[in-house]
$ cat upload_20.csv   # CSV, C-alpha atoms and all ligand atoms
chain,number,residue,atom,x,y,z
A,1,MET,CA,26.4,6.7,5.7
A,2,GLU,CA,28.8,5.9,2.9
A,3,ASP,CA,30.0,2.8,4.8
A,4,LEU,CA,26.5,1.4,5.3
A,5,ARG,CA,26.1,-1.6,3.1
A,6,HIS,CA,24.6,-5.1,3.2
A,7,GLU,CA,25.6,-8.1,1.3
A,8,TYR,CA,22.4,-9.8,0.0
A,9,GLY,CA,22.0,-13.5,-0.3
A,10,ALA,CA,18.4,-14.3,-1.3
A,11,SER,CA,17.2,-15.5,-4.7
A,12,LEU,CA,14.0,-15.5,-6.8
A,13,ASP,CA,12.7,-18.7,-8.3
A,14,GLU,CA,11.1,-17.7,-11.6
A,15,GLY,CA,9.1,-20.9,-11.5
A,16,LEU,CA,7.1,-19.5,-8.6
A,17,ILE,CA,5.9,-16.5,-10.7
A,18,SER,CA,2.6,-17.1,-12.5
A,19,THR,CA,1.6,-15.3,-15.7
A,20,THR,CA,-2.0,-16.1,-15.0
A,21,ALA,CA,-2.0,-15.0,-11.3
A,22,PRO,CA,0.5,-12.1,-11.3
A,23,LEU,CA,0.0,-11.3,-7.6
A,24,ALA,CA,0.0,-14.8,-6.3
A,25,LEU,CA,3.7,-14.6,-5.2
A,26,LEU,CA,3.0,-11.2,-3.6
A,27,ARG,CA,0.4,-12.9,-1.4
A,28,THR,CA,2.9,-15.7,-0.6
A,29,TRP,CA,5.6,-13.3,0.4
A,30,VAL,CA,3.2,-11.3,2.6
A,31,ASP,CA,2.1,-14.6,4.2
A,32,GLU,CA,5.7,-15.5,4.8
A,33,ALA,CA,6.5,-12.1,6.4
A,34,VAL,CA,3.4,-12.6,8.6
A,35,ALA,CA,4.7,-16.0,9.6
A,36,ALA,CA,8.1,-14.6,10.3
A,37,GLY,CA,6.7,-12.1,12.7
A,38,VAL,CA,7.7,-9.0,10.7
A,39,ALA,CA,6.2,-5.7,11.9
A,40,ASP,CA,3.7,-4.3,9.4
A,41,PRO,CA,4.3,-7.2,6.9
A,42,ASN,CA,1.6,-5.5,4.7
A,43,ALA,CA,3.2,-2.0,4.6
A,44,MET,CA,3.8,-0.5,1.2
A,45,CYS,CA,5.1,2.8,0.0
A,46,LEU,CA,2.4,4.4,-2.3
A,47,ALA,CA,3.4,7.0,-4.8
A,48,THR,CA,0.9,9.3,-6.4
A,49,ILE,CA,1.1,12.4,-8.6
A,50,GLY,CA,-0.4,15.7,-7.6
A,51,ARG,CA,-2.3,18.0,-10.0
A,52,ASP,CA,0.9,20.1,-10.5
A,53,GLY,CA,2.8,16.9,-11.5
A,54,THR,CA,4.7,16.6,-8.2
A,55,PRO,CA,5.0,13.0,-7.0
A,56,ARG,CA,4.5,12.2,-3.4
A,57,SER,CA,5.0,8.9,-1.6
A,58,ARG,CA,3.9,7.6,1.8
A,59,MET,CA,3.4,4.3,3.7
A,60,VAL,CA,0.0,2.7,3.7
A,61,LEU,CA,-1.2,-0.8,4.7
A,62,CYS,CA,-2.3,-3.2,2.1
A,63,LYS,CA,-5.6,-4.6,3.2
A,64,GLY,CA,-6.4,-7.0,0.4
A,65,ILE,CA,-4.7,-8.8,-2.5
A,66,GLU,CA,-7.0,-9.8,-5.3
A,67,GLU,CA,-6.3,-11.6,-8.5
A,68,ASP,CA,-5.2,-8.4,-10.2
A,69,ALA,CA,-5.5,-5.6,-7.6
A,70,VAL,CA,-4.3,-4.5,-4.2
A,71,LEU,CA,-6.6,-2.6,-1.7
A,72,PHE,CA,-5.9,0.0,0.9
A,73,TYR,CA,-8.0,2.4,3.0
A,74,THR,CA,-7.6,6.0,3.7
A,75,ASN,CA,-9.3,9.4,4.2
A,76,MET,CA,-10.8,10.4,0.9
A,77,THR,CA,-10.0,14.1,1.4
A,78,SER,CA,-6.3,13.3,2.1
A,79,ASP,CA,-3.6,14.4,-0.3
A,80,LYS,CA,-3.1,10.9,-1.7
A,81,ALA,CA,-6.9,10.4,-2.3
A,82,THR,CA,-7.1,13.9,-3.9
A,83,HIS,CA,-4.2,13.0,-6.2
A,84,LEU,CA,-5.7,9.6,-7.1
A,85,LEU,CA,-9.2,11.0,-7.8
A,86,ALA,CA,-7.6,13.4,-10.3
A,87,ARG,CA,-4.8,11.2,-11.6
A,88,PRO,CA,-5.5,7.5,-10.8
A,89,GLU,CA,-2.0,6.3,-11.9
A,90,ALA,CA,0.0,5.0,-8.9
A,91,SER,CA,2.9,2.9,-7.9
A,92,THR,CA,3.4,1.0,-4.7
A,93,THR,CA,6.4,-0.9,-3.3
A,94,PHE,CA,6.6,-3.5,-0.6
A,95,TRP,CA,10.0,-4.1,1.2
A,96,TRP,CA,10.9,-6.9,3.6
A,97,PRO,CA,14.5,-6.3,4.6
A,98,ASP,CA,15.0,-9.6,6.5
A,99,ALA,CA,13.8,-11.6,3.5
A,100,GLU,CA,15.7,-9.3,1.1
A,101,ARG,CA,12.6,-9.1,-1.1
A,102,SER,CA,10.7,-6.3,-2.7
A,103,VAL,CA,7.6,-6.0,-4.9
A,104,ARG,CA,6.5,-3.1,-7.0
A,105,VAL,CA,3.0,-2.8,-8.3
A,106,VAL,CA,2.0,-0.2,-10.8
A,107,GLY,CA,-1.6,0.5,-12.1
A,108,HIS,CA,-4.6,2.7,-11.8
A,109,ALA,CA,-6.7,3.2,-8.7
A,110,THR,CA,-10.4,3.3,-8.4
A,111,PRO,CA,-12.3,4.2,-5.2
A,112,LEU,CA,-13.8,1.3,-3.2
A,113,ASP,CA,-17.6,1.0,-3.0
A,114,ARG,CA,-19.2,2.4,0.0
A,115,ASP,CA,-20.4,-1.0,1.2
A,116,GLU,CA,-17.0,-2.5,1.2
A,117,VAL,CA,-15.5,0.5,3.0
A,118,GLU,CA,-18.2,0.3,5.7
A,119,ARG,CA,-17.8,-3.5,6.0
A,120,TYR,CA,-14.0,-3.1,6.6
A,121,PHE,CA,-14.5,-0.1,8.9
A,122,ALA,CA,-16.7,-2.2,11.2
A,123,THR,CA,-13.8,-4.6,11.7
A,124,ARG,CA,-11.4,-1.9,12.9
A,125,PRO,CA,-10.5,-1.4,16.6
A,126,ARG,CA,-12.7,1.2,18.2
A,127,SER,CA,-9.8,3.5,18.9
A,128,SER,CA,-9.0,3.5,15.1
A,129,GLN,CA,-12.6,4.2,14.3
A,130,VAL,CA,-12.7,7.1,16.6
A,131,GLY,CA,-9.3,8.3,15.2
A,132,ALA,CA,-10.8,8.4,11.7
A,133,TRP,CA,-13.4,10.9,12.9
A,134,VAL,CA,-10.8,13.0,14.7
A,135,SER,CA,-8.4,13.5,11.8
A,136,ASP,CA,-9.0,15.7,8.7
A,137,GLN,CA,-6.1,13.9,7.2
A,138,SER,CA,-3.5,16.0,5.4
A,139,SER,CA,-5.0,19.3,6.6
A,140,PRO,CA,-2.9,21.6,8.8
A,141,ILE,CA,-3.8,22.0,12.5
A,142,ALA,CA,-2.6,24.7,14.9
A,143,ASP,CA,-0.9,22.3,17.4
A,144,ARG,CA,-1.0,18.9,19.1
A,145,ALA,CA,-3.3,20.2,21.8
A,146,SER,CA,-5.9,21.1,19.2
A,147,LEU,CA,-5.8,17.5,17.9
A,148,GLU,CA,-6.1,16.1,21.5
A,149,ALA,CA,-9.1,18.4,22.1
A,150,LYS,CA,-10.8,17.1,19.0
A,151,HIS,CA,-10.1,13.5,20.2
A,152,VAL,CA,-11.8,14.2,23.6
A,153,GLU,CA,-14.8,15.7,21.8
A,154,VAL,CA,-15.2,12.8,19.4
A,155,GLN,CA,-14.7,10.2,22.2
A,156,ALA,CA,-17.6,12.0,24.1
A,157,ARG,CA,-19.7,12.0,21.0
A,158,PHE,CA,-19.3,8.3,20.5
A,159,ALA,CA,-19.2,7.3,24.2
A,160,SER,CA,-21.7,4.5,23.6
A,161,GLY,CA,-22.9,2.4,20.7
A,162,GLU,CA,-21.1,1.7,17.4
A,163,VAL,CA,-18.9,4.2,15.8
A,164,PRO,CA,-20.2,4.8,12.3
A,165,CYS,CA,-18.0,5.1,9.3
A,166,PRO,CA,-17.1,8.7,8.6
A,167,PRO,CA,-18.4,9.9,5.2
A,168,GLN,CA,-14.9,11.0,4.1
A,169,TRP,CA,-13.3,7.6,5.0
A,170,GLY,CA,-12.8,5.3,2.1
A,171,GLY,CA,-10.2,3.4,0.1
A,172,PHE,CA,-8.9,2.4,-3.3
A,173,ARG,CA,-8.4,-0.7,-5.4
A,174,LEU,CA,-5.1,-0.4,-7.3
A,175,HIS,CA,-5.7,-2.4,-10.5
A,176,VAL,CA,-2.4,-3.9,-11.5
A,177,ARG,CA,-0.8,-3.3,-14.9
A,178,GLU,CA,2.8,-4.2,-14.0
A,179,VAL,CA,4.4,-6.1,-11.2
A,180,GLU,CA,8.1,-6.5,-10.4
A,181,TYR,CA,9.5,-9.1,-8.1
A,182,TRP,CA,12.9,-8.3,-6.7
A,183,ALA,CA,15.3,-10.5,-4.5
A,184,GLY,CA,18.7,-9.3,-3.3
A,185,ARG,CA,21.7,-11.4,-4.4
A,186,PRO,CA,25.5,-11.2,-3.9
A,187,ALA,CA,27.6,-8.7,-5.8
A,188,ARG,CA,24.5,-6.5,-6.4
A,189,LEU,CA,23.5,-9.0,-9.1
A,190,HIS,CA,20.0,-9.1,-7.8
A,191,ASP,CA,17.0,-10.9,-9.4
A,192,ARG,CA,14.3,-8.8,-11.0
A,193,VAL,CA,11.4,-10.2,-12.9
A,194,ARG,CA,8.7,-8.0,-14.3
A,195,LEU,CA,5.2,-9.0,-15.4
A,196,ARG,CA,3.2,-6.7,-17.7
A,197,ALA,CA,-0.4,-6.8,-18.8
A,198,GLU,CA,-0.5,-7.1,-22.6
A,199,ALA,CA,-3.5,-7.6,-24.9
A,200,SER,CA,-2.7,-11.3,-25.1
A,201,GLY,CA,-2.1,-11.8,-21.4
A,202,TRP,CA,0.7,-11.2,-18.9
A,203,SER,CA,4.3,-11.0,-20.3
A,204,MET,CA,7.2,-11.9,-18.1
A,205,GLU,CA,10.8,-10.8,-18.5
A,206,ARG,CA,14.0,-10.7,-16.4
A,207,LEU,CA,15.5,-7.3,-15.9
A,208,GLN,CA,19.2,-6.4,-15.2
A,209,PRO,CA,19.7,-5.4,-11.6
A,301,LIG,C1,3.5,1.7,8.4
A,301,LIG,C2,2.5,2.8,8.1
A,301,LIG,C3,1.3,2.4,7.7
A,301,LIG,C4,0.3,3.4,7.4
A,301,LIG,N1,-0.9,3.0,6.9
A,301,LIG,C5,-1.8,3.9,6.5
A,301,LIG,C6,-3.0,3.5,5.8
A,301,LIG,O1,-3.3,2.4,5.6
A,301,LIG,N2,-3.8,4.5,5.4
A,301,LIG,C7,-3.5,5.9,5.6
A,301,LIG,O2,-4.3,6.7,5.2
A,301,LIG,N3,-2.4,6.3,6.2
A,301,LIG,C8,-1.5,5.3,6.6
A,301,LIG,N4,-0.3,5.7,7.2
A,301,LIG,C9,0.0,7.2,7.3
A,301,LIG,C10,0.5,7.7,5.9
A,301,LIG,O3,1.8,7.3,5.7
A,301,LIG,C11,0.4,9.2,5.7
A,301,LIG,O4,1.0,9.9,6.7
A,301,LIG,C12,-1.1,9.7,5.7
A,301,LIG,O5,-1.9,8.7,5.0
A,301,LIG,C13,-1.2,11.0,5.0
A,301,LIG,O6,-0.7,10.9,3.7
A,301,LIG,P1,-1.0,12.0,2.5
A,301,LIG,O7,-1.1,13.4,3.2
A,301,LIG,O8,0.1,11.9,1.6
A,301,LIG,O9,-2.4,11.6,2.0
A,301,LIG,C14,0.6,4.8,7.5
A,301,LIG,C15,1.9,5.1,8.0
A,301,LIG,C16,2.8,4.1,8.2
A,301,LIG,C17,4.2,4.6,8.7
$ encode --input "upload_20.csv" --output "structure tokens" --more "lines below"
Ligand SMILES: Cc1cc2nc3c(=O)[nH]c(=O)nc-3n(C[C@H](O)[C@H](O)[C@H](O)COP(=O)(O)O)c2cc1C
Amino acid sequence: MEDLRHEYGASLDEGLISTTAPLALLRTWVDEAVAAGVADPNAMCLATIGRDGTPRSRMVLCKGIEEDAVLFYTNMTSDKATHLLARPEASTTFWWPDAERSVRVVGHATPLDRDEVERYFATRPRSSQVGAWVSDQSSPIADRASLEAKHVEVQARFASGEVPCPPQWGGFRLHVREVEYWAGRPARLHDRVRLRAEASGWSMERLQP
């Protein structure tokens, strides 16, 4: 792996970053990844901290970008949700390799209201809705066959009619305190621009790569 390397050639126009709308460029970059046909253009790596102080990260899909928050959905008894309910501080990073762009968002997470969770759940494909009932996310299970058996049982239970939103299904709004935009450039002299929420508004500074 030592010989694996890539020469970057992107750049970041600071003029596109707004100190009144810190996530506006994130939305633009996601939109551009969608237009470019990138697989999972809204995927982000979410890091949380467990009760014992151990950090854990995993991929989730960003399902909304608001003026100063990003949204995602998950099982509220999962490890990530358990972490966030006890310690709401989180960091999440997007990465689009072809565009040589990355964005890190840091902030604190609050659970989504039940009505917004149910509204989103109703838009999901039926197979995903059923899957949400099947999985006690992050809990151990004896083997794959046991999971498949649960799937068969849940499919039979919801053979007709709408699939209701499971009580343990939910999501979080990550309220942004800091955003960093990154673009790869030659000679590892990448562009990094960080926005931070201050009492007076959003500050912006360039960081060394
Ligand atoms: C591209 C990608 C997108 C994912 N999106 C989600 C998601 O939106 N919500 C979710 O709960 N898990 C999602 N997962 C699964 C998580 O990465 C993870 O395995 C799961 O949520 C359990 O994490 P935890 O045990 O740390 O809570 C996704 C995985 C990948 C690879």
$ atom_distance --input "upload_20.csv" --atom1 "atom CA of A:Arg177" --atom2 "atom CA of A:Leu25"
15.6 Å
$ residues_near_ligand --input "upload_20.csv" --ligand "ligand LIG 301 (chain A)" --cutoff "12 Å" --atoms "all atoms listed in the file" --output "PDB file with C-alpha atoms, keeping the file's coordinate frame"
ATOM      1  CA  VAL A  38       7.700  -9.000  10.700  1.00  0.00           C
ATOM      2  CA  ALA A  39       6.200  -5.700  11.900  1.00  0.00           C
ATOM      3  CA  ASP A  40       3.700  -4.300   9.400  1.00  0.00           C
ATOM      4  CA  PRO A  41       4.300  -7.200   6.900  1.00  0.00           C
ATOM      5  CA  ASN A  42       1.600  -5.500   4.700  1.00  0.00           C
ATOM      6  CA  ALA A  43       3.200  -2.000   4.600  1.00  0.00           C
ATOM      7  CA  MET A  44       3.800  -0.500   1.200  1.00  0.00           C
ATOM      8  CA  CYS A  45       5.100   2.800   0.000  1.00  0.00           C
ATOM      9  CA  LEU A  46       2.400   4.400  -2.300  1.00  0.00           C
ATOM     10  CA  ALA A  47       3.400   7.000  -4.800  1.00  0.00           C
ATOM     11  CA  THR A  48       0.900   9.300  -6.400  1.00  0.00           C
ATOM     12  CA  ILE A  49       1.100  12.400  -8.600  1.00  0.00           C
ATOM     13  CA  GLY A  50      -0.400  15.700  -7.600  1.00  0.00           C
ATOM     14  CA  THR A  54       4.700  16.600  -8.200  1.00  0.00           C
ATOM     15  CA  PRO A  55       5.000  13.000  -7.000  1.00  0.00           C
ATOM     16  CA  ARG A  56       4.500  12.200  -3.400  1.00  0.00           C
ATOM     17  CA  SER A  57       5.000   8.900  -1.600  1.00  0.00           C
ATOM     18  CA  ARG A  58       3.900   7.600   1.800  1.00  0.00           C
ATOM     19  CA  MET A  59       3.400   4.300   3.700  1.00  0.00           C
ATOM     20  CA  VAL A  60       0.000   2.700   3.700  1.00  0.00           C
ATOM     21  CA  LEU A  61      -1.200  -0.800   4.700  1.00  0.00           C
ATOM     22  CA  CYS A  62      -2.300  -3.200   2.100  1.00  0.00           C
ATOM     23  CA  LYS A  63      -5.600  -4.600   3.200  1.00  0.00           C
ATOM     24  CA  GLY A  64      -6.400  -7.000   0.400  1.00  0.00           C
ATOM     25  CA  LEU A  71      -6.600  -2.600  -1.700  1.00  0.00           C
ATOM     26  CA  PHE A  72      -5.900   0.000   0.900  1.00  0.00           C
ATOM     27  CA  TYR A  73      -8.000   2.400   3.000  1.00  0.00           C
ATOM     28  CA  THR A  74      -7.600   6.000   3.700  1.00  0.00           C
ATOM     29  CA  ASN A  75      -9.300   9.400   4.200  1.00  0.00           C
ATOM     30  CA  MET A  76     -10.800  10.400   0.900  1.00  0.00           C
ATOM     31  CA  THR A  77     -10.000  14.100   1.400  1.00  0.00           C
ATOM     32  CA  SER A  78      -6.300  13.300   2.100  1.00  0.00           C
ATOM     33  CA  ASP A  79      -3.600  14.400  -0.300  1.00  0.00           C
ATOM     34  CA  LYS A  80      -3.100  10.900  -1.700  1.00  0.00           C
ATOM     35  CA  ALA A  81      -6.900  10.400  -2.300  1.00  0.00           C
ATOM     36  CA  THR A  82      -7.100  13.900  -3.900  1.00  0.00           C
ATOM     37  CA  HIS A  83      -4.200  13.000  -6.200  1.00  0.00           C
ATOM     38  CA  LEU A  84      -5.700   9.600  -7.100  1.00  0.00           C
ATOM     39  CA  LEU A  85      -9.200  11.000  -7.800  1.00  0.00           C
ATOM     40  CA  PHE A  94       6.600  -3.500  -0.600  1.00  0.00           C
ATOM     41  CA  TRP A  95      10.000  -4.100   1.200  1.00  0.00           C
ATOM     42  CA  PHE A 121     -14.500  -0.100   8.900  1.00  0.00           C
ATOM     43  CA  ARG A 124     -11.400  -1.900  12.900  1.00  0.00           C
ATOM     44  CA  SER A 128      -9.000   3.500  15.100  1.00  0.00           C
ATOM     45  CA  GLY A 131      -9.300   8.300  15.200  1.00  0.00           C
ATOM     46  CA  ALA A 132     -10.800   8.400  11.700  1.00  0.00           C
ATOM     47  CA  SER A 135      -8.400  13.500  11.800  1.00  0.00           C
ATOM     48  CA  ASP A 136      -9.000  15.700   8.700  1.00  0.00           C
ATOM     49  CA  GLN A 137      -6.100  13.900   7.200  1.00  0.00           C
ATOM     50  CA  SER A 138      -3.500  16.000   5.400  1.00  0.00           C
ATOM     51  CA  SER A 139      -5.000  19.300   6.600  1.00  0.00           C
ATOM     52  CA  PRO A 140      -2.900  21.600   8.800  1.00  0.00           C
ATOM     53  CA  GLN A 168     -14.900  11.000   4.100  1.00  0.00           C
ATOM     54  CA  TRP A 169     -13.300   7.600   5.000  1.00  0.00           C
ATOM     55  CA  GLY A 170     -12.800   5.300   2.100  1.00  0.00           C
ATOM     56  CA  GLY A 171     -10.200   3.400   0.100  1.00  0.00           C
ATOM     57  CA  PHE A 172      -8.900   2.400  -3.300  1.00  0.00           C
TER      58      PHE A 172
END
$ closest_residue --input "upload_20.csv" --among "A:Leu147, A:Ala187, A:Val117, A:Ile141" --to "A:Pro164" --atoms "all atoms listed in the file"
A:Val117
$ atom_distance --input "upload_20.csv" --atom1 "atom CA of A:Arg196" --atom2 "atom CA of A:Pro97"
25.0 Å
$ atom_distance --input "upload_20.csv" --atom1 "atom CA of A:Ala10" --atom2 "atom CA of A:Leu195"
20.0 Å
$ residues_around --input "upload_20.csv" --residues "A:Glu180" --least-positions-apart "4" --cutoff "7 Å" --atoms "all atoms listed in the file" --output "list of chain:residue names"
A:Val103, A:Arg104, A:Val105, A:Arg192, A:Val193, A:Arg194, A:Leu195
$ residues_around --input "upload_20.csv" --residues "A:Ala122" --least-positions-apart "2" --cutoff "9 Å" --atoms "all atoms listed in the file" --output "short mmCIF file (atom, residue, chain, number, x, y, z; two decimals) with C-alpha atoms, in the coordinates of the input"
data_model
loop_
_atom_site.label_atom_id
_atom_site.label_comp_id
_atom_site.auth_asym_id
_atom_site.auth_seq_id
_atom_site.Cartn_x
_atom_site.Cartn_y
_atom_site.Cartn_z
CA VAL A 117 -15.50 0.50 3.00
CA GLU A 118 -18.20 0.30 5.70
CA ARG A 119 -17.80 -3.50 6.00
CA TYR A 120 -14.00 -3.10 6.60
CA ARG A 124 -11.40 -1.90 12.90
CA PRO A 125 -10.50 -1.40 16.60
CA ARG A 126 -12.70 1.20 18.20
CA GLN A 129 -12.60 4.20 14.30
CA GLU A 162 -21.10 1.70 17.40
CA VAL A 163 -18.90 4.20 15.80
CA PRO A 164 -20.20 4.80 12.30
CA CYS A 165 -18.00 5.10 9.30
#
$ residues_around --input "upload_20.csv" --residues "A:Ala99" --least-positions-apart "3" --cutoff "9 Å" --atoms "all atoms listed in the file" --output "list in words"
Ala10, Trp29, Ala33, Trp95, Trp96, Ser102, Ala183 and Gly184 of chain A
$ closest_residue --input "upload_20.csv" --among "A:Pro186, A:Glu153, A:Gly107, A:Ser127" --to "A:Asp68" --atoms "only C-alpha atoms"
A:Gly107
$ closest_residue --input "upload_20.csv" --among "A:Thr20, A:Ala90, A:Lys150, A:Val70" --to "A:Glu198" --atoms "only C-alpha atoms"
A:Thr20
$ closest_residue --input "upload_20.csv" --among "A:Arg87, A:Arg101, A:Arg27, A:His108" --to "A:His175" --atoms "all atoms listed in the file"
A:His108
$ build_atoms --input "upload_20.csv" --residues "stretch 139-155 of chain A" --atoms "N, CA, C and O atoms" --output "PDB file, in the frame of the given file"
ATOM      1  N   SER A 139      -4.761  17.892   6.410  1.00  0.00           N
ATOM      2  CA  SER A 139      -5.000  19.300   6.600  1.00  0.00           C
ATOM      3  C   SER A 139      -4.189  19.823   7.793  1.00  0.00           C
ATOM      4  O   SER A 139      -4.026  19.107   8.776  1.00  0.00           O
ATOM      5  N   PRO A 140      -3.690  21.052   7.704  1.00  0.00           N
ATOM      6  CA  PRO A 140      -2.900  21.600   8.800  1.00  0.00           C
ATOM      7  C   PRO A 140      -3.774  21.781  10.074  1.00  0.00           C
ATOM      8  O   PRO A 140      -4.986  21.939   9.982  1.00  0.00           O
ATOM      9  N   ILE A 141      -3.130  21.721  11.238  1.00  0.00           N
ATOM     10  CA  ILE A 141      -3.800  22.000  12.500  1.00  0.00           C
ATOM     11  C   ILE A 141      -2.851  22.819  13.364  1.00  0.00           C
ATOM     12  O   ILE A 141      -1.628  22.665  13.247  1.00  0.00           O
ATOM     13  N   ALA A 142      -3.420  23.685  14.208  1.00  0.00           N
ATOM     14  CA  ALA A 142      -2.600  24.700  14.900  1.00  0.00           C
ATOM     15  C   ALA A 142      -1.508  24.001  15.767  1.00  0.00           C
ATOM     16  O   ALA A 142      -0.335  24.389  15.713  1.00  0.00           O
ATOM     17  N   ASP A 143      -1.879  22.982  16.534  1.00  0.00           N
ATOM     18  CA  ASP A 143      -0.900  22.300  17.400  1.00  0.00           C
ATOM     19  C   ASP A 143      -1.444  20.986  17.885  1.00  0.00           C
ATOM     20  O   ASP A 143      -2.598  20.644  17.622  1.00  0.00           O
ATOM     21  N   ARG A 144      -0.598  20.239  18.600  1.00  0.00           N
ATOM     22  CA  ARG A 144      -1.000  18.900  19.100  1.00  0.00           C
ATOM     23  C   ARG A 144      -2.193  19.006  20.044  1.00  0.00           C
ATOM     24  O   ARG A 144      -3.087  18.157  20.030  1.00  0.00           O
ATOM     25  N   ALA A 145      -2.214  20.072  20.858  1.00  0.00           N
ATOM     26  CA  ALA A 145      -3.300  20.200  21.800  1.00  0.00           C
ATOM     27  C   ALA A 145      -4.652  20.325  21.124  1.00  0.00           C
ATOM     28  O   ALA A 145      -5.658  19.800  21.614  1.00  0.00           O
ATOM     29  N   SER A 146      -4.684  20.961  19.975  1.00  0.00           N
ATOM     30  CA  SER A 146      -5.900  21.100  19.200  1.00  0.00           C
ATOM     31  C   SER A 146      -6.425  19.713  18.765  1.00  0.00           C
ATOM     32  O   SER A 146      -7.628  19.413  18.781  1.00  0.00           O
ATOM     33  N   LEU A 147      -5.467  18.877  18.366  1.00  0.00           N
ATOM     34  CA  LEU A 147      -5.800  17.500  17.900  1.00  0.00           C
ATOM     35  C   LEU A 147      -6.365  16.707  19.117  1.00  0.00           C
ATOM     36  O   LEU A 147      -7.378  16.007  18.994  1.00  0.00           O
ATOM     37  N   GLU A 148      -5.672  16.832  20.253  1.00  0.00           N
ATOM     38  CA  GLU A 148      -6.100  16.100  21.500  1.00  0.00           C
ATOM     39  C   GLU A 148      -7.507  16.564  21.875  1.00  0.00           C
ATOM     40  O   GLU A 148      -8.331  15.748  22.302  1.00  0.00           O
ATOM     41  N   ALA A 149      -7.774  17.868  21.739  1.00  0.00           N
ATOM     42  CA  ALA A 149      -9.100  18.400  22.100  1.00  0.00           C
ATOM     43  C   ALA A 149     -10.176  17.816  21.207  1.00  0.00           C
ATOM     44  O   ALA A 149     -11.267  17.457  21.657  1.00  0.00           O
ATOM     45  N   LYS A 150      -9.854  17.682  19.899  1.00  0.00           N
ATOM     46  CA  LYS A 150     -10.800  17.100  19.000  1.00  0.00           C
ATOM     47  C   LYS A 150     -11.052  15.606  19.377  1.00  0.00           C
ATOM     48  O   LYS A 150     -12.169  15.108  19.321  1.00  0.00           O
ATOM     49  N   HIS A 151      -9.977  14.928  19.794  1.00  0.00           N
ATOM     50  CA  HIS A 151     -10.100  13.500  20.200  1.00  0.00           C
ATOM     51  C   HIS A 151     -11.057  13.394  21.387  1.00  0.00           C
ATOM     52  O   HIS A 151     -11.945  12.530  21.377  1.00  0.00           O
ATOM     53  N   VAL A 152     -10.894  14.261  22.370  1.00  0.00           N
ATOM     54  CA  VAL A 152     -11.800  14.200  23.600  1.00  0.00           C
ATOM     55  C   VAL A 152     -13.213  14.463  23.148  1.00  0.00           C
ATOM     56  O   VAL A 152     -14.130  13.763  23.588  1.00  0.00           O
ATOM     57  N   GLU A 153     -13.410  15.415  22.253  1.00  0.00           N
ATOM     58  CA  GLU A 153     -14.800  15.700  21.800  1.00  0.00           C
ATOM     59  C   GLU A 153     -15.413  14.557  21.076  1.00  0.00           C
ATOM     60  O   GLU A 153     -16.565  14.190  21.322  1.00  0.00           O
ATOM     61  N   VAL A 154     -14.626  13.903  20.195  1.00  0.00           N
ATOM     62  CA  VAL A 154     -15.200  12.800  19.400  1.00  0.00           C
ATOM     63  C   VAL A 154     -15.423  11.574  20.330  1.00  0.00           C
ATOM     64  O   VAL A 154     -16.444  10.879  20.192  1.00  0.00           O
ATOM     65  N   GLN A 155     -14.526  11.351  21.285  1.00  0.00           N
ATOM     66  CA  GLN A 155     -14.700  10.200  22.200  1.00  0.00           C
ATOM     67  C   GLN A 155     -16.040  10.431  23.003  1.00  0.00           C
ATOM     68  O   GLN A 155     -16.794   9.473  23.207  1.00  0.00           O
TER      69      GLN A 155
END
